[in-house]
There are 2 protein chains.
Amino acid sequence: MQDVANLAGVSRTTVSFVINKVTKGNIPEETQQRVWKAVEALNYRPNAIARGLRAQKTNTIGFVTDKVATTPFAGQILQGAQDLAWQHEILLLTVNTGGNQEIKETAVSTLLERQVDGIIYATMYHRQANPPQVIRQVPAVLLDCFVEDASITSVVPDDYKGGFEATEFLINHGHRKIGFACDIQDVPAKFARLRGFKDALAKHQIPFNQDYLKYGMSTPEGGVLAANALLNQDDPPSALFCYNDRMAMGAYQVAQELKLSIPADLAIVGYDNQDVIAPYLNPPLTTMQLPHYEMGKWAVEQILQLINQADNQPQIPIQHKLPCPMVVRHSV
Amino acid sequence: MQDVANLAGVSRTTVSFVINKVTKGNIPEETQQRVWKAVEALNYRPNAIARGLRAQKTNTIGFVTDKVATTPFAGQILQGAQDLAWQHEILLLTVNTGGNQEIKETAVSTLLERQVDGIIYATMYHRQANPPQVIRQVPAVLLDCFVEDASITSVVPDDYKGGFEATEFLINHGHRKIGFACDIQDVPAKFARLRGFKDALAKHQIPFNQDYLKYGMSTPEGGVLAANALLNQDDPPSALFCYNDRMAMGAYQVAQELKLSIPADLAIVGYDNQDVIAPYLNPPLTTMQLPHYEMGKWAVEQILQLINQADNQPQIPIQHKLPCPMVVRHSV
DNA sequence: ACGGTTTAGTAACACGTTTTAGTAACACGA
DNA sequence: TCGTGTTACTAAAACGTGTTACTAAACCGT
């Protein structure tokens, strides 16, 4: 910067004013030109580290994930977060913990050492989480997870509404006998989707039938299991709502074995809109899309708000839900 | 830091010596204890930004990707890079450009402004790339891509060897009539795998048959196209090597339509080991795994080496290839 | 007692910015 | 001629570290 100042024949202060477009510096156009020429000539690039030290603000957001590799959704979350951050000239410092509790703690500490302006704490499926306490020292948003006492702003998919709409979609296509191939694990998404399922039935005066609710692991194998249980009974359902696309994949297999044609003999709706599965099943699967990209964006948006009002008295933390839009293909 | 010094009754210098374990400071054990107590009591956390400014080293590596969301591989690359970086207390500053050339330029500039110690430039499939020139101002490694003149260190999958081994695996299982469902696009991976395919045939004195080489897009639809062309001819192949798992998925569909049972009537080998496809096809697909995780690790390893010898005269850039291990399932 | 060495520590500068407070030079009106 | 206001600019103090060069005291061997 001193070199630029020398070349332009001004002081460092003036260079700073010009570069940062500080108008109250009152720098005439002609001088500004001189400075820019010098910047150009010397290929000068301001040092963001020094700037961060002085400004006490690094334009960096920490992004903590549990498992990034084992899920195809991570990329979408990250992309949403980055796209919005980029617009505000903010970069993401990413750490993933592999679910290891100790690493979680040190990850957040490390990010704080690096003076990030905020932290996004993301999990790869909708669940309750226990982020380290130190995360509260800085604006934070939980993504795809939440804390029990709702004391930290969080954003998750609206699984209830998704379950409701998926079911209603089947009803609106004339189905009355609708089975639910449900995840056997106790996760928030399961309970919400199941409630949505039941409420949609109730809304249309369809009694809930316990025989139309079967469980399996949230894998293709689990889908085979649940679909077999659902379809191999007297008076089987004519439509299946599957907890996720992988279970739906299993249901497709069962349908094929039973010589049921989709959607003529059996309608199927999945969940997740997993991009390597749903479009490539035969026929392509109608499913509910998880708003990963949108959650990423929302989280950054919210962090920015929190940062910009950080000095004011703390707002009460928002618990936000984003809708899961339906992707209609050909399985209904 | 001053507060810690006051509480421990020493100077800032001493605190710095203790925290950084600078032995030539000659600080006796007892004083060190006092300092650590004070650090603990005040919950002091060193400011990595200030440290970075002073040390002219930020322990940060920039990670530039083209498209992270549209591929399930991104997570594995990132994970590999992060795992190794974390061991060295280095964090990753990630930017993804969406393939936009202008964003590429500013992305690298932004990273340089932030004084990253090195830059990894990753693409999501093996190809030639044109990273911005400014990337050369700092240790850099290309991941899954390369520049024409080999002037930047790079790491890519060994597609030739992968194609060779996949083909030889089929030969060793008794197949002589082996078809290749090949990508129609001109990408480096295609040429390398095809060369591997031909060389494996040659090694075993099997003449290359032009009718056993058919093209299609690298999608399930493309797989259907190529597999149909390969199988609907007189004397069709008894085994198929597919350019990737998605094309293999299409081949499975064709096999089903032709009532060919896999692997009895038709053996299939894929490529990529895409985790939501390969294990869930019926039967599970034998395929070549792309070394994404390993490439991530290798890139960081290499960057660290480059950083630690940055003052010496420049080494000649390495062009590294990592093997694609075979994942044997039940399609052969 | 004395010179030299070790021990235990500190003062002060440097890293590259931003920003506050201030100053010369000049214009203008009375 | 003087006071006031504006314009164009700068000196210097932060921001929080790491490190070099230095010192005062204690110790040691002769």
# chains A, B, ... in the order shown; residues from 1 in each chain; ligands from 1
$ residues_around --residues "D:DT30" --least-positions-apart "5" --cutoff "12 Å" --atoms "only C-alpha atoms (C1' of nucleotides)" --output "PyMOL selection string"
chain C and resi 1-4
$ residues_around --residues "A:Gln137" --least-positions-apart "2" --cutoff "10 Å" --atoms "only C-alpha atoms (C1' of nucleotides)" --output "PDB file with C-alpha atoms, in the first residue's frame"
ATOM      1  CA  LEU A 112     -13.774 -18.608  16.840  1.00  0.00           C
ATOM      2  CA  GLY A 118     -20.855 -16.153  12.431  1.00  0.00           C
ATOM      3  CA  ILE A 119     -21.255 -19.899  12.417  1.00  0.00           C
ATOM      4  CA  GLN A 133     -21.886 -24.135  24.035  1.00  0.00           C
ATOM      5  CA  VAL A 134     -19.162 -21.792  22.787  1.00  0.00           C
ATOM      6  CA  ILE A 135     -21.088 -21.403  19.564  1.00  0.00           C
ATOM      7  CA  PRO A 139     -24.179 -15.224  15.696  1.00  0.00           C
ATOM      8  CA  ALA A 140     -25.173 -18.785  14.876  1.00  0.00           C
TER       9      ALA A 140
END
$ atom_distance --atom1 "atom CA of A:Leu230" --atom2 "atom CA of A:Met249"
14.8 Å
$ interface_residues --of "chain C" --to "chain B" --cutoff "7 Å" --atoms "only C-alpha atoms (C1' of nucleotides)" --output "mmCIF file with C-alpha atoms (C1' of nucleotides), in the first residue's frame"
data_model
loop_
_atom_site.group_PDB
_atom_site.id
_atom_site.type_symbol
_atom_site.label_atom_id
_atom_site.label_comp_id
_atom_site.auth_asym_id
_atom_site.auth_seq_id
_atom_site.Cartn_x
_atom_site.Cartn_y
_atom_site.Cartn_z
ATOM 1 C "C1'" DA C 8 14.173 -15.350 33.498
ATOM 2 C "C1'" DT C 10 10.967 -7.568 29.060
ATOM 3 C "C1'" DC C 15 2.905 -7.242 10.120
#
$ residues_around --residues "B:Thr219" --least-positions-apart "3" --cutoff "7 Å" --atoms "only C-alpha atoms (C1' of nucleotides)" --output "mmCIF file with N, CA and C atoms, in the first residue's frame"
data_model
loop_
_atom_site.group_PDB
_atom_site.id
_atom_site.type_symbol
_atom_site.label_atom_id
_atom_site.label_comp_id
_atom_site.auth_asym_id
_atom_site.auth_seq_id
_atom_site.Cartn_x
_atom_site.Cartn_y
_atom_site.Cartn_z
ATOM 1 N N GLY B 222 -28.418 -42.890 -22.171
ATOM 2 C CA GLY B 222 -27.319 -43.206 -23.071
ATOM 3 C C GLY B 222 -26.915 -44.658 -22.948
ATOM 4 N N GLY B 223 -26.974 -45.162 -21.713
ATOM 5 C CA GLY B 223 -26.648 -46.564 -21.482
ATOM 6 C C GLY B 223 -27.616 -47.479 -22.202
ATOM 7 N N ARG B 246 -23.904 -44.932 -14.396
ATOM 8 C CA ARG B 246 -25.210 -44.511 -14.890
ATOM 9 C C ARG B 246 -25.520 -45.197 -16.217
ATOM 10 N N MET B 247 -24.521 -45.325 -17.057
ATOM 11 C CA MET B 247 -24.737 -46.067 -18.295
ATOM 12 C C MET B 247 -25.003 -47.535 -17.977
#
$ atom_distance --atom1 "atom CA of B:Gln33" --atom2 "atom CA of B:Val4"
12.3 Å
$ closest_residue --among "C:DG16, C:DA11, C:DG29, C:DG22" --to "D:DA12" --atoms "only C-alpha atoms (C1' of nucleotides)"
C:DG22
$ interface_residues --of "chain D" --to "chain B" --cutoff "7 Å" --atoms "only C-alpha atoms (C1' of nucleotides)" --output "list of chain:residue names"
D:DG16, D:DT17, D:DG18
$ write_last_selection --atoms "N, CA and C atoms (P, O5', C5', C4', C3', O3' and C1' of nucleotides)" --output "PDB file, in the first residue's frame"
ATOM      1  P    DG D  16      -7.742  -6.112  19.835  1.00  0.00           P
ATOM      2  O5'  DG D  16      -6.626  -7.217  19.584  1.00  0.00           O
ATOM      3  C5'  DG D  16      -6.927  -8.296  18.714  1.00  0.00           C
ATOM      4  C4'  DG D  16      -5.686  -9.128  18.535  1.00  0.00           C
ATOM      5  C3'  DG D  16      -5.047  -9.596  19.836  1.00  0.00           C
ATOM      6  O3'  DG D  16      -4.721 -10.956  19.691  1.00  0.00           O
ATOM      7  C1'  DG D  16      -3.456  -8.515  18.492  1.00  0.00           C
ATOM      8  P    DT D  17      -4.252 -11.873  20.861  1.00  0.00           P
ATOM      9  O5'  DT D  17      -3.214 -12.797  20.079  1.00  0.00           O
ATOM     10  C5'  DT D  17      -1.826 -12.563  20.216  1.00  0.00           C
ATOM     11  C4'  DT D  17      -1.213 -12.596  18.858  1.00  0.00           C
ATOM     12  C3'  DT D  17       0.199 -13.136  18.881  1.00  0.00           C
ATOM     13  O3'  DT D  17       0.185 -14.465  18.402  1.00  0.00           O
ATOM     14  C1'  DT D  17       0.086 -11.020  17.729  1.00  0.00           C
ATOM     15  P    DG D  18       1.404 -15.413  18.746  1.00  0.00           P
ATOM     16  O5'  DG D  18       2.633 -14.788  17.952  1.00  0.00           O
ATOM     17  C5'  DG D  18       2.695 -14.974  16.553  1.00  0.00           C
ATOM     18  C4'  DG D  18       4.059 -14.534  16.056  1.00  0.00           C
ATOM     19  C3'  DG D  18       5.240 -15.287  16.652  1.00  0.00           C
ATOM     20  O3'  DG D  18       6.185 -15.446  15.588  1.00  0.00           O
ATOM     21  C1'  DG D  18       5.433 -12.986  17.172  1.00  0.00           C
TER      22       DG D  18
END
$ interface_residues --of "chain B" --to "chain A" --cutoff "8 Å" --atoms "only C-alpha atoms" --output "short mmCIF file (atom, residue, chain, number, x, y, z; two decimals) with C-alpha atoms, in the first residue's frame"
data_model
loop_
_atom_site.label_atom_id
_atom_site.label_comp_id
_atom_site.auth_asym_id
_atom_site.auth_seq_id
_atom_site.Cartn_x
_atom_site.Cartn_y
_atom_site.Cartn_z
CA ARG B 45 -8.32 -17.68 22.80
CA PRO B 46 -5.50 -16.40 20.58
CA ASN B 47 -6.58 -14.32 17.62
CA ALA B 48 -5.64 -16.23 14.51
CA ILE B 49 -6.08 -13.16 12.34
CA ALA B 50 -3.48 -11.15 14.24
CA GLY B 52 -1.67 -14.60 10.57
CA LEU B 53 -0.80 -10.98 9.97
CA VAL B 68 -20.15 -28.81 -6.28
CA ALA B 69 -23.88 -29.33 -6.13
CA THR B 70 -24.48 -31.28 -9.27
CA THR B 71 -22.28 -34.17 -8.37
CA PRO B 72 -22.24 -36.60 -5.49
CA ALA B 74 -17.77 -33.32 -4.37
CA GLY B 75 -18.32 -34.40 -0.80
CA GLN B 76 -15.69 -37.08 -0.97
CA LEU B 78 -13.79 -32.19 0.14
CA GLN B 79 -13.72 -34.72 2.92
CA GLN B 82 -10.36 -31.59 4.99
CA LEU B 91 -8.72 -24.93 7.42
CA LEU B 92 -10.27 -24.78 3.99
CA LEU B 93 -11.73 -21.63 2.52
CA THR B 94 -14.13 -22.92 -0.11
CA VAL B 95 -15.47 -21.16 -3.16
CA ASN B 96 -17.42 -22.66 -5.95
CA GLU B 113 -6.42 -11.26 -0.87
CA ARG B 114 -7.19 -13.43 2.09
CA GLN B 115 -3.62 -14.63 2.11
CA PRO B 220 -28.91 -44.07 -18.02
CA VAL B 276 -26.47 -44.42 -4.53
CA ILE B 277 -26.43 -46.53 -7.69
CA TYR B 280 -28.48 -50.90 -5.14
#
$ residues_around --residues "C:DT5" --least-positions-apart "6" --cutoff "12 Å" --atoms "only C-alpha atoms (C1' of nucleotides)" --output "PyMOL selection string"
chain D and resi 26-29
$ atom_distance --atom1 "atom CA of B:Phe197" --atom2 "atom CA of B:Pro279"
23.6 Å
$ residues_around --residues "A:Pro325" --least-positions-apart "6" --cutoff "9 Å" --atoms "only C-alpha atoms (C1' of nucleotides)" --output "VMD selection string"
chain A and resid 162 287 to 291
$ residues_around --residues "stretch 207-214 of chain B" --least-positions-apart "3" --cutoff "8 Å" --atoms "only C-alpha atoms (C1' of nucleotides)" --output "list in words"
Lys177, Ile178, Gly179, Phe180, Ala181, Cys182, Lys198, Leu201, Ala202, Ala226, Ala227, Ala229, Leu230, Pro236 and Pro237 of chain B
$ write_last_selection --atoms "C-alpha atoms" --output "compact mmCIF listing (two decimals), in the first residue's frame"
# COMPACT_ATOMS: atom_id res chain seq x y z
CA LYS B 177 -16.75 -61.17 -26.44
CA ILE B 178 -16.62 -57.93 -24.48
CA GLY B 179 -18.54 -54.83 -25.46
CA PHE B 180 -17.74 -51.28 -24.43
CA ALA B 181 -20.64 -48.91 -23.84
CA CYS B 182 -18.67 -45.72 -24.33
CA LYS B 198 -8.08 -52.13 -26.10
CA LEU B 201 -7.81 -57.17 -25.14
CA ALA B 202 -4.51 -57.06 -27.00
CA ALA B 226 -25.46 -48.14 -26.29
CA ALA B 227 -26.51 -51.41 -24.69
CA ALA B 229 -26.83 -51.34 -30.06
CA LEU B 230 -24.39 -53.78 -28.49
CA PRO B 236 -23.68 -60.16 -29.19
CA PRO B 237 -21.06 -59.72 -26.46
$ select_by_dssp --residues "stretch 10-213 of chain B" --states "strand (DSSP E)" --output "PyMOL selection string"
chain B and resi 60-65+91-96+118-128+140-146+154-157+178-183+213
$ write_last_selection --atoms "N, CA and C atoms" --output "CSV table (one decimal), in the first residue's frame"
chain,number,residue,atom,x,y,z
B,60,THR,N,-4.4,-21.5,6.1
B,60,THR,CA,-5.6,-21.7,5.4
B,60,THR,C,-5.3,-22.0,3.9
B,61,ILE,N,-6.1,-23.0,3.4
B,61,ILE,CA,-5.9,-23.3,2.0
B,61,ILE,C,-7.2,-23.0,1.3
B,62,GLY,N,-7.1,-22.4,0.1
B,62,GLY,CA,-8.3,-22.1,-0.7
B,62,GLY,C,-8.7,-23.3,-1.5
B,63,PHE,N,-9.9,-23.5,-1.6
B,63,PHE,CA,-10.4,-24.7,-2.3
B,63,PHE,C,-11.5,-24.2,-3.3
B,64,VAL,N,-11.1,-24.2,-4.6
B,64,VAL,CA,-12.0,-23.7,-5.6
B,64,VAL,C,-12.5,-24.9,-6.4
B,65,THR,N,-13.8,-25.0,-6.5
B,65,THR,CA,-14.5,-26.0,-7.3
B,65,THR,C,-15.3,-25.4,-8.4
B,91,LEU,N,-7.3,-25.0,7.8
B,91,LEU,CA,-8.7,-24.9,7.4
B,91,LEU,C,-8.9,-24.6,5.9
B,92,LEU,N,-10.0,-25.0,5.4
B,92,LEU,CA,-10.3,-24.8,4.0
B,92,LEU,C,-11.3,-23.6,3.8
B,93,LEU,N,-10.9,-22.7,2.9
B,93,LEU,CA,-11.7,-21.6,2.5
B,93,LEU,C,-12.3,-22.0,1.2
B,94,THR,N,-13.6,-22.3,1.1
B,94,THR,CA,-14.1,-22.9,-0.1
B,94,THR,C,-14.9,-21.9,-0.9
B,95,VAL,N,-14.7,-22.0,-2.2
B,95,VAL,CA,-15.5,-21.2,-3.2
B,95,VAL,C,-15.9,-22.1,-4.3
B,96,ASN,N,-17.1,-22.0,-4.7
B,96,ASN,CA,-17.4,-22.7,-6.0
B,96,ASN,C,-18.0,-21.7,-7.0
B,118,GLY,N,-2.1,-21.6,0.1
B,118,GLY,CA,-2.1,-22.4,-1.1
B,118,GLY,C,-3.5,-22.5,-1.7
B,119,ILE,N,-3.6,-22.9,-2.9
B,119,ILE,CA,-4.9,-23.1,-3.5
B,119,ILE,C,-5.1,-24.5,-4.2
B,120,ILE,N,-6.2,-25.1,-3.9
B,120,ILE,CA,-6.5,-26.3,-4.7
B,120,ILE,C,-7.6,-26.0,-5.6
B,121,TYR,N,-7.4,-26.3,-6.9
B,121,TYR,CA,-8.4,-26.0,-7.9
B,121,TYR,C,-9.0,-27.3,-8.4
B,122,ALA,N,-10.2,-27.6,-8.1
B,122,ALA,CA,-10.8,-28.9,-8.3
B,122,ALA,C,-11.9,-28.8,-9.3
B,123,THR,N,-12.0,-29.8,-10.3
B,123,THR,CA,-13.1,-29.9,-11.1
B,123,THR,C,-13.8,-31.2,-10.8
B,124,MET,N,-15.1,-31.3,-11.2
B,124,MET,CA,-15.9,-32.4,-10.7
B,124,MET,C,-15.8,-33.7,-11.7
B,125,TYR,N,-15.2,-33.5,-12.8
B,125,TYR,CA,-14.8,-34.7,-13.5
B,125,TYR,C,-13.5,-34.4,-14.2
B,126,HIS,N,-12.8,-35.5,-14.5
B,126,HIS,CA,-11.5,-35.5,-15.1
B,126,HIS,C,-11.4,-34.7,-16.4
B,127,ARG,N,-10.7,-33.6,-16.4
B,127,ARG,CA,-10.7,-32.9,-17.7
B,127,ARG,C,-9.5,-31.8,-17.7
B,128,GLN,N,-9.3,-31.3,-18.9
B,128,GLN,CA,-8.4,-30.2,-19.0
B,128,GLN,C,-9.0,-28.9,-18.4
B,140,ALA,N,0.0,-24.2,-5.7
B,140,ALA,CA,-1.3,-24.6,-6.2
B,140,ALA,C,-1.3,-26.1,-6.7
B,141,VAL,N,-2.4,-26.8,-6.5
B,141,VAL,CA,-2.5,-28.1,-7.0
B,141,VAL,C,-3.8,-28.2,-7.8
B,142,LEU,N,-3.8,-28.8,-9.0
B,142,LEU,CA,-5.0,-29.1,-9.7
B,142,LEU,C,-5.6,-30.4,-9.3
B,143,LEU,N,-6.9,-30.5,-9.1
B,143,LEU,CA,-7.4,-31.8,-8.6
B,143,LEU,C,-8.5,-32.3,-9.6
B,144,ASP,N,-8.3,-33.4,-10.2
B,144,ASP,CA,-9.2,-34.0,-11.2
B,144,ASP,C,-9.1,-33.2,-12.5
B,145,CYS,N,-8.1,-32.4,-12.6
B,145,CYS,CA,-7.9,-31.7,-13.9
B,145,CYS,C,-6.4,-31.4,-14.1
B,146,PHE,N,-6.1,-30.8,-15.2
B,146,PHE,CA,-4.7,-30.6,-15.5
B,146,PHE,C,-4.6,-29.4,-16.5
B,154,SER,N,-0.6,-31.6,-10.6
B,154,SER,CA,-2.0,-32.0,-10.7
B,154,SER,C,-2.2,-33.5,-10.3
B,155,VAL,N,-3.4,-33.8,-9.9
B,155,VAL,CA,-3.7,-35.2,-9.6
B,155,VAL,C,-5.0,-35.6,-10.2
B,156,VAL,N,-5.0,-36.7,-10.9
B,156,VAL,CA,-6.2,-37.2,-11.6
B,156,VAL,C,-6.3,-38.7,-11.4
B,157,PRO,N,-7.5,-39.3,-11.7
B,157,PRO,CA,-7.6,-40.8,-11.6
B,157,PRO,C,-6.9,-41.4,-12.8
B,178,ILE,N,-16.4,-59.0,-25.5
B,178,ILE,CA,-16.6,-57.9,-24.5
B,178,ILE,C,-17.0,-56.6,-25.2
B,179,GLY,N,-18.1,-56.1,-24.9
B,179,GLY,CA,-18.5,-54.8,-25.5
B,179,GLY,C,-18.2,-53.7,-24.6
B,180,PHE,N,-18.0,-52.5,-25.2
B,180,PHE,CA,-17.7,-51.3,-24.4
B,180,PHE,C,-18.8,-50.3,-24.7
B,181,ALA,N,-19.6,-50.0,-23.7
B,181,ALA,CA,-20.6,-48.9,-23.8
B,181,ALA,C,-20.0,-47.6,-23.5
B,182,CYS,N,-19.6,-46.8,-24.5
B,182,CYS,CA,-18.7,-45.7,-24.3
B,182,CYS,C,-19.4,-44.4,-24.3
B,183,ASP,N,-18.8,-43.4,-23.6
B,183,ASP,CA,-19.3,-42.1,-23.6
B,183,ASP,C,-19.2,-41.5,-25.0
B,213,LEU,N,-18.1,-51.8,-29.9
B,213,LEU,CA,-17.8,-50.5,-29.3
B,213,LEU,C,-19.0,-49.6,-29.7
